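Structure data (mmCIF, C-alpha atoms) from model_32.cif:
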```
data_run
loop_
_atom_site.label_atom_id
_atom_site.label_comp_id
_atom_site.auth_asym_id
_atom_site.auth_seq_id
_atom_site.Cartn_x
_atom_site.Cartn_y
_atom_site.Cartn_z
CA MET A 1200 0.00 0.00 0.00
CA GLU A 1201 1.26 3.50 -0.87
CA GLN A 1202 2.53 5.58 2.07
CA SER A 1203 -0.17 8.26 1.73
CA SER A 1204 -2.90 5.62 1.56
CA HIS A 1205 -1.43 3.83 4.57
CA ARG A 1206 -1.40 7.04 6.61
CA ILE A 1207 -5.00 7.94 5.72
CA ALA A 1208 -6.18 4.41 6.53
CA TRP A 1209 -4.54 4.18 9.95
CA THR A 1210 -5.30 7.75 11.06
CA SER A 1211 -8.95 7.34 10.18
CA ALA A 1212 -8.91 3.93 11.91
CA VAL A 1213 -7.87 5.54 15.22
CA ILE A 1214 -10.67 8.13 15.02
CA HIS A 1215 -13.10 5.41 13.95
CA GLY A 1216 -12.26 3.43 17.07
CA LEU A 1217 -12.88 6.43 19.29
CA VAL A 1218 -16.29 7.10 17.73
CA HIS A 1219 -17.51 3.54 18.25
CA ALA A 1220 -16.11 3.32 21.76
CA SER A 1221 -17.92 6.53 22.71
CA VAL A 1222 -21.40 5.31 21.79
CA LEU A 1223 -20.83 1.76 23.05
CA LEU A 1224 -19.94 2.68 26.63
CA LEU A 1225 -23.67 2.97 27.26
CA PRO A 1226 -25.04 -0.64 27.07
CA THR A 1227 -22.66 -1.92 29.75
CA LEU A 1228 -23.72 0.91 32.09
CA PHE A 1229 -27.52 0.66 31.80
CA THR A 1230 -27.90 -0.59 35.38
CA ASP A 1231 -25.55 2.08 36.78
CA LEU A 1232 -27.49 4.85 35.01
CA GLN A 1233 -30.80 3.47 36.28
CA ARG A 1234 -29.52 3.65 39.86
CA ALA A 1235 -27.83 7.04 39.48
CA PHE A 1236 -30.86 8.83 38.00
CA HIS A 1237 -33.67 6.69 39.52
CA VAL A 1238 -35.26 5.78 36.18
CA SER A 1239 -36.48 2.55 34.60
CA LEU A 1240 -34.63 0.40 32.06
CA LEU A 1241 -37.14 1.43 29.36
CA ASP A 1242 -36.38 5.10 30.12
CA VAL A 1243 -32.67 4.50 29.53
CA LEU A 1244 -33.41 2.40 26.44
CA ALA A 1245 -35.63 5.17 25.01
CA VAL A 1246 -32.81 7.72 25.34
CA SER A 1247 -30.38 5.19 23.86
CA ASN A 1248 -32.75 4.71 20.91
CA LEU A 1249 -32.82 8.48 20.37
CA MET A 1250 -29.03 8.70 20.55
CA TYR A 1251 -28.58 5.89 18.02
CA LEU A 1252 -31.31 7.35 15.76
CA VAL A 1253 -29.51 10.70 15.64
CA PHE A 1254 -26.22 8.82 15.21
CA GLY A 1255 -27.58 7.27 12.02
CA LEU A 1256 -29.63 10.12 10.56
CA ALA A 1257 -26.78 12.63 10.99
CA ALA A 1258 -24.86 10.66 8.37
CA ILE A 1259 -26.84 12.03 5.38
CA PRO A 1260 -26.18 15.77 5.99
CA ALA A 1261 -22.67 14.88 7.18
CA GLY A 1262 -22.02 13.04 3.90
CA TRP A 1263 -23.24 16.03 1.90
CA LEU A 1264 -21.03 18.37 3.92
CA ALA A 1265 -18.04 16.02 3.51
CA ASP A 1266 -18.46 16.31 -0.27
CA ARG A 1267 -18.78 20.10 0.04
CA VAL A 1268 -16.33 21.31 2.71
CA GLY A 1269 -13.97 18.33 2.91
CA SER A 1270 -13.66 15.18 4.95
CA ARG A 1271 -10.90 16.42 7.26
CA THR A 1272 -13.01 19.35 8.48
CA MET A 1273 -15.88 17.03 9.28
CA LEU A 1274 -13.61 14.62 11.15
CA ILE A 1275 -12.37 17.47 13.36
CA VAL A 1276 -15.97 18.52 14.09
CA SER A 1277 -16.93 14.91 14.86
CA ALA A 1278 -14.10 14.21 17.32
CA GLY A 1279 -14.38 17.60 19.01
CA GLY A 1280 -18.15 17.27 19.35
CA CYS A 1281 -17.75 13.80 20.90
CA GLY A 1282 -15.32 15.27 23.44
CA LEU A 1283 -17.79 17.99 24.43
CA ALA A 1284 -20.73 15.58 24.64
CA LEU A 1285 -18.82 13.01 26.69
CA THR A 1286 -17.77 15.73 29.12
CA MET A 1287 -21.44 16.69 29.53
CA VAL A 1288 -22.41 13.05 30.16
CA ALA A 1289 -19.67 12.65 32.76
CA THR A 1290 -20.83 15.74 34.68
CA ALA A 1291 -24.64 15.42 34.23
CA GLN A 1292 -26.62 15.84 37.46
CA SER A 1293 -30.12 15.15 36.07
CA PHE A 1294 -31.64 12.72 33.59
CA PRO A 1295 -32.75 15.47 31.13
CA VAL A 1296 -29.17 16.81 30.99
CA LEU A 1297 -27.84 13.29 30.51
CA SER A 1298 -30.37 12.73 27.72
CA ALA A 1299 -29.41 15.95 25.92
CA ALA A 1300 -25.71 15.08 26.20
CA LEU A 1301 -26.30 11.60 24.76
CA VAL A 1302 -28.21 13.06 21.81
CA LEU A 1303 -25.30 15.45 21.17
CA LEU A 1304 -22.96 12.47 21.37
CA GLY A 1305 -25.04 10.62 18.77
CA LEU A 1306 -25.01 13.68 16.49
CA SER A 1307 -21.24 14.19 16.77
CA ALA A 1308 -20.39 10.53 16.34
CA GLY A 1309 -22.81 10.25 13.41
CA ILE A 1310 -20.79 12.79 11.45
CA TYR A 1311 -17.82 10.43 11.32
CA HIS A 1312 -18.73 7.53 9.02
CA PRO A 1313 -19.50 9.26 5.70
CA SER A 1314 -16.59 11.63 6.28
CA GLY A 1315 -14.06 8.92 7.11
CA LEU A 1316 -15.16 6.55 4.36
CA SER A 1317 -15.32 9.26 1.68
CA LEU A 1318 -11.78 10.24 2.68
CA LEU A 1319 -10.72 6.64 2.06
CA SER A 1320 -12.67 6.17 -1.16
CA ARG A 1321 -11.21 9.31 -2.73
CA GLY A 1322 -7.73 9.16 -1.20
CA VAL A 1323 -6.95 5.49 -1.84
CA VAL A 1324 -6.69 3.92 -5.30
CA SER A 1325 -9.33 1.35 -6.24
CA GLY A 1326 -7.01 -1.67 -6.11
CA GLU A 1327 -6.09 -0.91 -2.48
CA ARG A 1328 -9.48 0.36 -1.33
CA GLY A 1329 -10.74 -2.91 0.16
CA ARG A 1330 -7.58 -3.28 2.24
CA ALA A 1331 -7.75 0.35 3.40
CA ILE A 1332 -11.41 -0.04 4.41
CA GLY A 1333 -10.43 -3.21 6.26
CA ILE A 1334 -7.76 -1.31 8.23
CA HIS A 1335 -10.28 1.40 8.95
CA GLY A 1336 -12.67 -1.28 10.20
CA VAL A 1337 -9.98 -2.72 12.48
CA GLY A 1338 -9.84 0.62 14.29
CA GLY A 1339 -13.60 0.66 14.74
CA ASN A 1340 -13.58 -2.90 16.03
CA PHE A 1341 -10.81 -2.18 18.50
CA GLY A 1342 -12.85 0.71 19.91
CA GLU A 1343 -15.94 -1.48 20.11
CA ALA A 1344 -14.01 -4.29 21.78
CA LEU A 1345 -12.42 -1.95 24.31
CA ALA A 1346 -15.59 -0.03 25.24
CA PRO A 1347 -17.47 -2.72 27.26
CA PHE A 1348 -14.40 -3.70 29.26
CA TRP A 1349 -13.43 -0.06 29.77
CA ALA A 1350 -16.92 0.84 30.98
CA GLY A 1351 -17.19 -2.19 33.26
CA LEU A 1352 -13.72 -1.66 34.71
CA PHE A 1353 -14.43 1.95 35.63
CA ALA A 1354 -17.90 1.15 36.95
CA VAL A 1355 -16.67 -1.63 39.26
CA GLN A 1356 -13.01 -0.89 40.04
CA LEU A 1357 -11.88 2.61 39.09
CA GLY A 1358 -14.25 5.13 40.61
CA GLY A 1359 -17.59 4.82 38.82
CA TRP A 1360 -19.30 5.22 35.46
CA ARG A 1361 -18.65 8.99 35.21
CA TRP A 1362 -14.91 8.41 34.91
CA ALA A 1363 -15.46 6.05 31.97
CA PHE A 1364 -17.09 8.90 30.02
CA ALA A 1365 -14.56 11.50 31.23
CA SER A 1366 -11.61 9.43 30.03
CA ALA A 1367 -13.31 8.91 26.66
CA ALA A 1368 -13.76 12.70 26.43
CA ALA A 1369 -10.01 13.22 26.82
CA LEU A 1370 -9.33 10.69 24.05
CA SER A 1371 -11.87 12.45 21.81
CA PHE A 1372 -10.08 15.79 22.09
CA ALA A 1373 -6.80 14.00 21.29
CA CYS A 1374 -8.41 12.53 18.15
CA ALA A 1375 -9.56 16.00 17.06
CA ALA A 1376 -5.91 17.06 17.20
CA LEU A 1377 -4.94 13.93 15.24
CA ALA A 1378 -7.46 14.80 12.51
CA LEU A 1379 -5.62 18.09 11.99
CA THR A 1380 -2.61 16.11 10.74
CA LEU A 1381 -4.56 14.65 7.79
CA PRO A 1382 -4.23 16.15 4.29
CA ALA A 1383 -6.51 19.15 3.83
CA ALA A 1384 -8.22 17.41 0.92
CA ALA A 1385 -8.03 13.86 -0.35
CA PRO A 1386 -7.45 13.44 -4.12
CA ALA A 1387 -10.75 13.55 -6.01
CA HIS A 1388 -11.68 13.20 -9.64
CA ASP A 1389 -14.03 16.19 -9.60
CA HIS A 1390 -13.81 19.27 -7.39
CA ARG A 1391 -17.29 20.66 -8.08
CA ARG A 1392 -19.22 21.30 -4.92
CA PRO A 1393 -22.64 19.64 -4.79
CA SER A 1394 -25.80 21.69 -4.26
CA LEU A 1395 -28.75 20.70 -2.11
CA ALA A 1396 -30.82 20.08 -5.25
CA GLY A 1397 -28.02 17.90 -6.60
CA ALA A 1398 -27.89 15.99 -3.34
CA ALA A 1399 -31.64 15.33 -3.47
CA HIS A 1400 -31.30 14.13 -7.06
CA ALA A 1401 -28.40 11.87 -6.08
CA LEU A 1402 -30.42 10.32 -3.23
CA ARG A 1403 -33.24 9.55 -5.67
CA SER A 1404 -30.76 8.06 -8.12
CA PHE A 1405 -29.39 5.76 -5.38
CA TRP A 1406 -32.87 4.33 -4.89
CA LYS A 1407 -33.49 3.98 -8.64
CA SER A 1408 -30.29 1.94 -9.01
CA ARG A 1409 -31.36 -1.66 -8.38
CA PRO A 1410 -28.00 -2.80 -6.93
CA LEU A 1411 -27.84 0.21 -4.59
CA ARG A 1412 -31.48 -0.18 -3.58
CA TRP A 1413 -30.99 -3.79 -2.52
CA LEU A 1414 -27.67 -2.97 -0.87
CA LEU A 1415 -29.32 -0.20 1.18
CA LEU A 1416 -32.15 -2.53 2.22
CA ALA A 1417 -29.63 -5.20 3.24
CA THR A 1418 -27.73 -2.49 5.13
CA PHE A 1419 -30.88 -1.46 7.02
CA ALA A 1420 -31.63 -5.03 8.09
CA GLY A 1421 -27.99 -5.60 9.05
CA GLY A 1422 -27.94 -2.36 11.04
CA PHE A 1423 -31.08 -3.36 12.94
CA VAL A 1424 -29.47 -6.67 13.88
CA TYR A 1425 -26.18 -4.94 14.78
CA ARG A 1426 -27.84 -2.45 17.12
CA GLY A 1427 -29.99 -5.12 18.73
CA VAL A 1428 -27.11 -7.49 19.41
CA PHE A 1429 -24.83 -4.74 20.70
CA THR A 1430 -27.51 -3.43 23.04
CA PHE A 1431 -28.70 -6.70 24.54
CA LEU A 1432 -25.76 -9.08 24.38
CA PRO A 1433 -24.24 -7.71 27.64
CA LEU A 1434 -27.56 -8.46 29.40
CA HIS A 1435 -27.75 -11.86 27.69
CA LEU A 1436 -24.21 -12.69 28.81
CA SER A 1437 -24.54 -11.41 32.39
CA SER A 1438 -26.34 -14.52 33.63
CA SER A 1439 -23.50 -16.70 32.33
CA ALA A 1440 -20.54 -14.44 33.10
CA GLY A 1441 -21.01 -13.40 36.72
CA GLY A 1442 -22.10 -9.75 36.78
CA THR A 1443 -21.16 -6.49 35.07
CA LEU A 1444 -17.38 -6.87 34.92
CA GLY A 1445 -17.52 -10.51 33.81
CA ALA A 1446 -20.11 -9.80 31.10
CA SER A 1447 -18.25 -6.69 29.87
CA SER A 1448 -14.94 -8.60 29.71
CA LEU A 1449 -16.58 -11.42 27.76
CA MET A 1450 -18.23 -8.88 25.46
CA SER A 1451 -14.85 -7.32 24.73
CA LEU A 1452 -13.40 -10.75 24.02
CA VAL A 1453 -16.01 -11.66 21.42
CA LEU A 1454 -15.72 -8.23 19.80
CA LEU A 1455 -12.02 -8.86 19.21
CA ALA A 1456 -13.10 -11.40 16.59
CA GLY A 1457 -14.27 -8.45 14.51
CA ILE A 1458 -10.73 -7.05 14.27
CA PHE A 1459 -9.52 -10.09 12.35
CA ALA A 1460 -12.75 -10.27 10.35
CA GLN A 1461 -12.53 -6.66 9.14
CA ARG A 1462 -8.95 -7.07 7.94
CA PHE A 1463 -9.69 -10.47 6.35
CA GLY A 1464 -12.88 -9.15 4.75
CA GLY A 1465 -10.96 -6.21 3.27
CA GLU A 1466 -8.44 -8.57 1.67
CA LEU A 1467 -11.22 -10.77 0.28
CA ALA A 1468 -13.00 -7.72 -1.15
CA ASP A 1469 -10.00 -7.08 -3.41
CA ARG A 1470 -9.60 -10.71 -4.48
CA LEU A 1471 -13.02 -12.41 -4.90
CA PRO A 1472 -16.40 -11.59 -6.54
CA ARG A 1473 -17.85 -9.20 -4.00
CA GLU A 1474 -21.60 -9.74 -4.44
CA ARG A 1475 -21.46 -13.53 -4.06
CA LEU A 1476 -19.09 -13.27 -1.11
CA PHE A 1477 -21.45 -10.80 0.57
CA LEU A 1478 -24.37 -13.19 -0.01
CA THR A 1479 -22.47 -16.13 1.50
CA GLU A 1480 -21.64 -14.21 4.66
CA VAL A 1481 -25.17 -12.87 5.12
CA ALA A 1482 -26.63 -16.37 4.62
CA LEU A 1483 -24.77 -17.61 7.71
CA LEU A 1484 -25.91 -14.81 10.02
CA ALA A 1485 -29.56 -15.77 10.55
CA PRO A 1486 -29.00 -19.32 11.89
CA VAL A 1487 -26.19 -18.07 14.12
CA LEU A 1488 -28.53 -15.46 15.65
CA VAL A 1489 -31.23 -18.04 16.31
CA LEU A 1490 -28.68 -20.28 18.06
CA LEU A 1491 -27.39 -17.25 19.97
CA GLY A 1492 -30.85 -16.87 21.50
CA LEU A 1493 -31.23 -20.57 22.33
CA THR A 1494 -27.82 -21.53 23.74
CA SER A 1495 -26.04 -20.83 27.02
CA GLY A 1496 -22.59 -21.34 28.55
CA VAL A 1497 -19.80 -22.22 26.12
CA GLY A 1498 -22.26 -22.53 23.23
CA LEU A 1499 -23.40 -18.95 23.80
CA VAL A 1500 -19.81 -17.67 23.64
CA VAL A 1501 -19.14 -19.64 20.44
CA MET A 1502 -22.26 -18.23 18.77
CA ALA A 1503 -21.38 -14.70 19.88
CA LEU A 1504 -17.89 -15.08 18.40
CA SER A 1505 -19.39 -16.46 15.18
CA PHE A 1506 -21.88 -13.61 14.87
CA TYR A 1507 -19.33 -10.87 15.27
CA PHE A 1508 -16.85 -12.52 12.92
CA LEU A 1509 -19.46 -12.91 10.16
CA TRP A 1510 -21.02 -9.47 10.62
CA TYR A 1511 -17.69 -7.66 10.45
CA LEU A 1512 -16.44 -9.82 7.61
CA ALA A 1513 -19.25 -8.38 5.50
CA GLN A 1514 -18.64 -4.69 6.33
CA PRO A 1515 -15.64 -3.96 4.05
CA LEU A 1516 -17.51 -5.74 1.27
CA ALA A 1517 -20.62 -3.59 1.71
CA SER A 1518 -18.53 -0.39 1.68
CA ALA A 1519 -16.54 -1.49 -1.37
CA LEU A 1520 -19.74 -2.47 -3.21
CA ALA A 1521 -21.27 0.94 -2.50
CA ALA A 1522 -18.19 2.70 -3.89
CA ALA A 1523 -18.35 0.58 -7.06
CA TYR A 1524 -22.01 1.37 -7.75
CA ALA A 1525 -21.89 5.19 -7.46
CA ASP A 1526 -20.08 8.21 -8.89
CA THR A 1527 -16.96 9.20 -6.94
CA ARG A 1528 -18.31 12.75 -6.44
CA GLU A 1529 -21.24 11.32 -4.46
CA HIS A 1530 -19.41 8.84 -2.21
CA GLY A 1531 -19.81 10.97 0.92
CA LEU A 1532 -23.57 11.28 0.39
CA LEU A 1533 -23.89 7.58 -0.46
CA TYR A 1534 -22.04 6.50 2.68
CA GLY A 1535 -24.27 8.91 4.59
CA ALA A 1536 -27.37 7.19 3.19
CA GLN A 1537 -25.88 3.77 3.92
CA PHE A 1538 -25.13 4.61 7.55
CA ALA A 1539 -28.46 6.38 8.02
CA ALA A 1540 -30.12 3.12 6.98
CA ALA A 1541 -27.88 1.00 9.21
CA PHE A 1542 -27.60 3.12 12.33
CA GLY A 1543 -30.59 5.48 12.08
CA LEU A 1544 -33.43 3.16 11.11
CA GLY A 1545 -31.60 0.29 12.81
CA SER A 1546 -31.69 2.19 16.10
CA PHE A 1547 -35.29 1.08 16.67
CA ALA A 1548 -33.90 -2.35 17.54
CA THR A 1549 -33.16 -0.83 20.95
CA THR A 1550 -36.82 -0.11 21.77
CA ILE A 1551 -38.29 -3.12 19.95
CA GLY A 1552 -35.70 -5.38 21.57
CA GLY A 1553 -36.59 -3.90 24.97
CA LEU A 1554 -40.24 -4.79 24.46
CA LEU A 1555 -39.27 -8.34 23.44
CA VAL A 1556 -37.07 -8.64 26.53
CA GLN A 1557 -40.01 -7.59 28.71
CA ALA A 1558 -42.25 -10.13 26.99
CA GLY A 1559 -39.94 -13.15 26.97
CA GLY A 1560 -36.39 -12.30 28.03
CA THR A 1561 -33.27 -11.75 25.94
CA SER A 1562 -33.70 -15.12 24.19
CA LEU A 1563 -36.91 -13.88 22.55
CA ALA A 1564 -35.15 -10.68 21.47
CA PHE A 1565 -32.40 -12.64 19.71
CA LEU A 1566 -34.97 -14.81 17.92
CA GLY A 1567 -36.54 -11.57 16.68
CA PHE A 1568 -33.17 -10.33 15.44
CA GLY A 1569 -32.72 -13.65 13.64
CA ALA A 1570 -35.98 -13.06 11.76
CA VAL A 1571 -34.70 -9.67 10.57
CA ALA A 1572 -31.46 -11.35 9.43
CA PHE A 1573 -33.54 -13.56 7.12
CA LEU A 1574 -34.88 -10.34 5.52
CA GLN A 1575 -31.28 -9.21 4.99
CA LEU A 1576 -30.63 -12.50 3.19
CA VAL A 1577 -33.57 -11.85 0.83
CA ALA A 1578 -32.13 -8.41 -0.01
CA ALA A 1579 -28.65 -9.89 -0.61
CA LEU A 1580 -30.14 -12.48 -2.98
CA ALA A 1581 -31.92 -9.71 -4.90
CA LEU A 1582 -28.65 -7.74 -5.05
CA VAL A 1583 -26.80 -10.64 -6.68
CA ARG A 1584 -29.65 -11.15 -9.14
CA SER A 1585 -29.80 -7.44 -10.08
CA VAL A 1586 -26.06 -7.30 -10.78
CA ARG A 1587 -26.22 -10.53 -12.78
CA THR A 1588 -29.11 -9.09 -14.87
CA ALA A 1589 -27.25 -5.81 -15.46
CA THR A 1590 -24.13 -7.58 -16.74
CA ALA A 1591 -25.96 -10.19 -18.85
#
```

Have the structure of the file written as structure tokens, please.
Amino acid sequence: MEQSSHRIAWTSAVIHGLVHASVLLLPTLFTDLQRAFHVSLLDVLAVSNLMYLVFGLAAIPAGWLADRVGSRTMLIVSAGGCGLALTMVATAQSFPVLSAALVLLGLSAGIYHPSGLSLLSRGVVSGERGRAIGIHGVGGNFGEALAPFWAGLFAVQLGGWRWAFASAAALSFACAALALTLPAAAPAHDHRRPSLAGAAHALRSFWKSRPLRWLLLATFAGGFVYRGVFTFLPLHLSSSAGGTLGASSLMSLVLLAGIFAQRFGGELADRLPRERLFLTEVALLAPVLVLLGLTSGVGLVVMALSFYFLWYLAQPLASALAAAYADTREHGLLYGAQFAAAFGLGSFATTIGGLLVQAGGTSLAFLGFGAVAFLQLVAALALVRSVRTATA
């Protein structure tokens, strides 16, 4: 990989890890927040849903702005905003203030994905793009893997949940400084700045493109499953792992599988037919989720490892497919639409999963997520068929 591409990939990977760690401190600390602010689990889940909804929906305007003012500027805003929001969470004295701070955190973190990925898609040559996206994914996975253990460690051993958010705030401000070291503008094929009317036209064209339409639908279903598993797996593990610290440590362990999967998936994206590979990976997710809801003990850990490996294996492929189906000038907006589908619409898994947990426990919630994974498989099948028809 060229030196400039390598630098962009690894710098964005560090910031990517910070963003994911920031929003994933919350699930491990649900019980602590309930006690601290004297609210119910559904109250905390409702605020979490709102945070994740904003996290996803912010991606569309952030993608448009990344195409207009530059990815580096947006990365600085994202990391700095996360630092401010995390500081507010750490010092909140009432539940409304905590809620407002979490929404700001979702907004700031949501700016990252279209900005970081458009920086990669325009700054890295096509033949190295899958590998660069894989490296970028490794950073995100490391942040995700660290967050549950970090939150649990502070909550149980190092002074309480507030210090978990305060330390993340300090790292966020450091990442804002790191973003300043990136090139002011990644190489692009066209320097015209998109208008709002052009952005609306581009969004309509994404939906009219059959491959992109099915990819976006598969992304929505995958995002719903992702948010549901991330939110409720710590609760699902707690009965088998001996409390908050045990469950958070086990959660971090299974998330480490995603680091290898992202890098491996990026390599595969540059070497094998991407659509069929994406279909194969998605086809394995649904049965794994069903077994995740039905097993316990060692079997539960094995299924959790399998889920995270498969889910993250597919992510570099989905990003590389999106880049291949759209004009380079619109990559920021496209990634914004993709992450709005995954993280915005997918955020409702938090509330729907909470209702399923109330009705039948975490096992019922995971069976519900498995049903959504079957819908993702249908969309992936349609994607392969649409591409085959277009090239026939």

Selection result for the PyMOL selection byres ((chain A and resi 1506-1521) around 6) on this file, as a short mmCIF file (atom, residue, chain, number, x, y, z; two decimals) with C-alpha atoms, keeping the file's coordinate frame:
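Below is the file that was written, part-v7.cif:
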```cif
data_model
loop_
_atom_site.label_atom_id
_atom_site.label_comp_id
_atom_site.auth_asym_id
_atom_site.auth_seq_id
_atom_site.Cartn_x
_atom_site.Cartn_y
_atom_site.Cartn_z
CA ILE A 1332 -11.41 -0.04 4.41
CA GLY A 1333 -10.43 -3.21 6.26
CA ALA A 1456 -13.10 -11.40 16.59
CA GLY A 1457 -14.27 -8.45 14.51
CA ALA A 1460 -12.75 -10.27 10.35
CA GLN A 1461 -12.53 -6.66 9.14
CA GLY A 1464 -12.88 -9.15 4.75
CA GLY A 1465 -10.96 -6.21 3.27
CA ALA A 1468 -13.00 -7.72 -1.15
CA PHE A 1477 -21.45 -10.80 0.57
CA ALA A 1503 -21.38 -14.70 19.88
CA LEU A 1504 -17.89 -15.08 18.40
CA SER A 1505 -19.39 -16.46 15.18
CA ALA A 1522 -18.19 2.70 -3.89
CA ALA A 1523 -18.35 0.58 -7.06
CA TYR A 1524 -22.01 1.37 -7.75
#
```

Pick from A:Ala1539, A:Val1246, A:Ala1344, A:Val1355, whichever lies nearest to A:Pro1295 using only C-alpha atoms: A:Val1246

Pairwise distance for atom CA of A:Phe1229 and atom CA of A:Val1243, rounded to one decimal in Å: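 Between these atoms lies a distance of 6.8 Å.
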
Selection under test: the PyMOL selection byres ((chain A and resi 1545) around 7); residues as a list in words: Phe1419, Gly1422, Phe1423, Arg1426, Ala1540, Ala1541, Phe1542, Gly1543, Leu1544, Ser1546, Phe1547 and Ala1548 of chain A

Kindly save the residues from that selection, with C-alpha atoms included, as a short mmCIF file (atom, residue, chain, number, x, y, z; two decimals), in the frame of the given file.
```cif
data_model
loop_
_atom_site.label_atom_id
_atom_site.label_comp_id
_atom_site.auth_asym_id
_atom_site.auth_seq_id
_atom_site.Cartn_x
_atom_site.Cartn_y
_atom_site.Cartn_z
CA PHE A 1419 -30.88 -1.46 7.02
CA GLY A 1422 -27.94 -2.36 11.04
CA PHE A 1423 -31.08 -3.36 12.94
CA ARG A 1426 -27.84 -2.45 17.12
CA ALA A 1540 -30.12 3.12 6.98
CA ALA A 1541 -27.88 1.00 9.21
CA PHE A 1542 -27.60 3.12 12.33
CA GLY A 1543 -30.59 5.48 12.08
CA LEU A 1544 -33.43 3.16 11.11
CA SER A 1546 -31.69 2.19 16.10
CA PHE A 1547 -35.29 1.08 16.67
CA ALA A 1548 -33.90 -2.35 17.54
#
```

Using the chain letters and residue numbers of this document, give as a short mmCIF file (atom, residue, chain, number, x, y, z; two decimals) with C-alpha atoms, in the coordinates of the input the residues selected by the PyMOL selection byres ((chain A and resi 1478) around 10).
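To be explicit, this is the file written out as out.cif:
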```
data_model
loop_
_atom_site.label_atom_id
_atom_site.label_comp_id
_atom_site.auth_asym_id
_atom_site.auth_seq_id
_atom_site.Cartn_x
_atom_site.Cartn_y
_atom_site.Cartn_z
CA ARG A 1473 -17.85 -9.20 -4.00
CA GLU A 1474 -21.60 -9.74 -4.44
CA ARG A 1475 -21.46 -13.53 -4.06
CA LEU A 1476 -19.09 -13.27 -1.11
CA PHE A 1477 -21.45 -10.80 0.57
CA THR A 1479 -22.47 -16.13 1.50
CA GLU A 1480 -21.64 -14.21 4.66
CA VAL A 1481 -25.17 -12.87 5.12
CA ALA A 1482 -26.63 -16.37 4.62
CA LEU A 1483 -24.77 -17.61 7.71
CA ALA A 1513 -19.25 -8.38 5.50
CA GLN A 1575 -31.28 -9.21 4.99
CA LEU A 1576 -30.63 -12.50 3.19
CA VAL A 1577 -33.57 -11.85 0.83
CA ALA A 1578 -32.13 -8.41 -0.01
CA ALA A 1579 -28.65 -9.89 -0.61
CA LEU A 1580 -30.14 -12.48 -2.98
CA ALA A 1581 -31.92 -9.71 -4.90
CA LEU A 1582 -28.65 -7.74 -5.05
CA VAL A 1583 -26.80 -10.64 -6.68
#
```

Residue neighbourhood stretch 1200-1211 of chain A, 12 Å, all atoms listed in the file, exclusion window fewer than 2 positions, as a ChimeraX atom specification: /A:1213-1218,1270-1271,1273-1275,1277-1278,1311-1339,1374-1386,1462

Atomic distance atom CA of A:Tyr1251 - atom CA of A:Ala1536, expressed in Å with one decimal: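 Result for atom CA of A:Tyr1251 versus atom CA of A:Ala1536: 14.9 Å, one decimal.
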
Length of the atom CA of A:Thr1550 to atom CA of A:Ala1564 vector [Å]: 10.7 Å

Polymer residues at most 10 Å from stretch 1219-1223 of chain A, only C-alpha atoms, same-chain spacing of 3 or more positions, as a PyMOL selection string: chain A and resi 1214-1216+1226-1228+1247+1250-1251+1254+1281-1282+1284-1285+1301+1304-1305+1308-1309+1311+1338-1347+1349-1350+1363-1364+1367-1368+1370-1371+1429-1430

For A:Ala1257, the nearest of the candidates A:Leu1303, A:Ala1525, A:Ala1235, A:Val1296, counting all atoms listed in the file: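 Closest to A:Ala1257, using all atoms listed in the file: A:Leu1303.
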
Coordinates of box centre and edge lengths for stretch 1264-1267 of chain A, 4 Å on every side, axis-aligned, as AutoDock Vina command-line options:
```
--center_x -19.5 --center_y 18.1 --center_z 1.8 --size_x 11.0 --size_y 12.1 --size_z 12.2
```

Please produce stretch 1532-1540 of chain A, completed to N, CA and C atoms, as an mmCIF file, keeping the file's coordinate frame.
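What ended up in part.cif:
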```cif
data_model
loop_
_atom_site.group_PDB
_atom_site.id
_atom_site.type_symbol
_atom_site.label_atom_id
_atom_site.label_comp_id
_atom_site.auth_asym_id
_atom_site.auth_seq_id
_atom_site.Cartn_x
_atom_site.Cartn_y
_atom_site.Cartn_z
ATOM 1 N N LEU A 1532 -22.118 11.343 0.232
ATOM 2 C CA LEU A 1532 -23.570 11.280 0.390
ATOM 3 C C LEU A 1532 -24.058 9.840 0.418
ATOM 4 N N LEU A 1533 -23.479 8.990 -0.432
ATOM 5 C CA LEU A 1533 -23.890 7.580 -0.460
ATOM 6 C C LEU A 1533 -23.567 6.892 0.868
ATOM 7 N N TYR A 1534 -22.372 7.112 1.390
ATOM 8 C CA TYR A 1534 -22.040 6.500 2.680
ATOM 9 C C TYR A 1534 -22.938 7.066 3.783
ATOM 10 N N GLY A 1535 -23.326 8.343 3.633
ATOM 11 C CA GLY A 1535 -24.270 8.910 4.590
ATOM 12 C C GLY A 1535 -25.605 8.184 4.553
ATOM 13 N N ALA A 1536 -26.110 7.921 3.328
ATOM 14 C CA ALA A 1536 -27.370 7.190 3.190
ATOM 15 C C ALA A 1536 -27.240 5.772 3.728
ATOM 16 N N GLN A 1537 -26.101 5.142 3.463
ATOM 17 C CA GLN A 1537 -25.880 3.770 3.920
ATOM 18 C C GLN A 1537 -25.872 3.702 5.446
ATOM 19 N N PHE A 1538 -25.200 4.644 6.093
ATOM 20 C CA PHE A 1538 -25.130 4.610 7.550
ATOM 21 C C PHE A 1538 -26.401 5.129 8.210
ATOM 22 N N ALA A 1539 -27.148 5.994 7.503
ATOM 23 C CA ALA A 1539 -28.460 6.380 8.020
ATOM 24 C C ALA A 1539 -29.383 5.172 8.057
ATOM 25 N N ALA A 1540 -29.317 4.347 7.016
ATOM 26 C CA ALA A 1540 -30.120 3.120 6.980
ATOM 27 C C ALA A 1540 -29.691 2.167 8.082
#
```
